[in-house]
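Everything on this sheet refers to the single structure shown next.
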Amino acid sequence: MADLAREARREARNYRGGERWMATEAAPEPLEDYLDGLMADPETVVLVGVWEDALVGYCWGRAMVRQDGSHIARIEELFVTPQARSVGVGESLFSALSQWARDRQLTAMDAFVLPGHREAKNFFETFKMTAHALIVHTRIDPDEET
């Protein structure tokens with residue numbers, strides 16, 4: 001699974017926002033240790049997707065309490081290899097994560113999607129998930145005055 005997460009990171013770098021995601025939201029290396037911690041945490045769920053006897057996808061999510069006191073599921077990562085994206089693996093992972101959230105009586109689900117990754121945005125929209133926030137970013141040029 002850690003190798004798949006590294007593949008996801010290589011792919012993310014090809015999309016607008018990928019480098020920023022890597023620097024701020026992506027799980028840190030060593031991924032094996034991070035994943036061990038996730039699997040030991042009762043507030044998280046870790047799922048894998050298998051197709052034709054090969055591990056082709058994964059996701060993990062976390063139960064969290066928002067500032068307003070509502071309890072939601074945060075999908076921290078969901079990735080399926082490009083070759084397996086049209087066979088229902090992502091849908092199965094999302095469905096299983098949704099069931100986990102319902103079983104925990106969570107009230108909503110959030111996920112982070114790179115702004116340049118239209119395929120991922122479309123995937124989440126099929127589950128009636130819509131954008132609720134945008135993160136804007138710019139680099140600071142030390143020689144430029146504003």
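Ordering of the structure tokens sets the chain letters (A, B, ...); residue numbers start at 1 within each chain; ligands are numbered from 1 in the order shown.
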So which residues touch stretch 124-137 of chain A within 12 Å, counting only C-alpha atoms, skipping near sequence neighbours fewer than 4 positions away, as a ChimeraX atom specification?
/A:16-21,24,75,78,90-95,98,108-115,117-120
Using only C-alpha atoms, which residues sit within 8 Å of stretch 2-6 of chain A once same-chain residues fewer than 3 positions away are excluded, as a PyMOL selection string?
chain A and resi 9-10+31-32+35+56-58+79+81
Which residues in chain A does DSSP call strand (DSSP E or B)? List them as a ChimeraX atom specification.
/A:44-51,54-65,71-80,109-111
Filtered DSSP result for stretch 5-143 of chain A, state helix (DSSP H, G or I), as a ChimeraX atom specification:
/A:5-12,18-24,31-40,82-84,89-103,118-125
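Distances to A:Ala63 were evaluated for A:Val89, A:Pro28, A:Asp103, A:Val80 using only C-alpha atoms, and the minimum falls at A:Asp103.
Atom CA of A:Ile140 is found 28.7 Å from atom CA of A:Glu77.
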For A:Trp51, which of A:Arg139, A:Arg66, A:Arg85, A:Lys121 is the closest residue, counting only C-alpha atoms?
A:Arg85
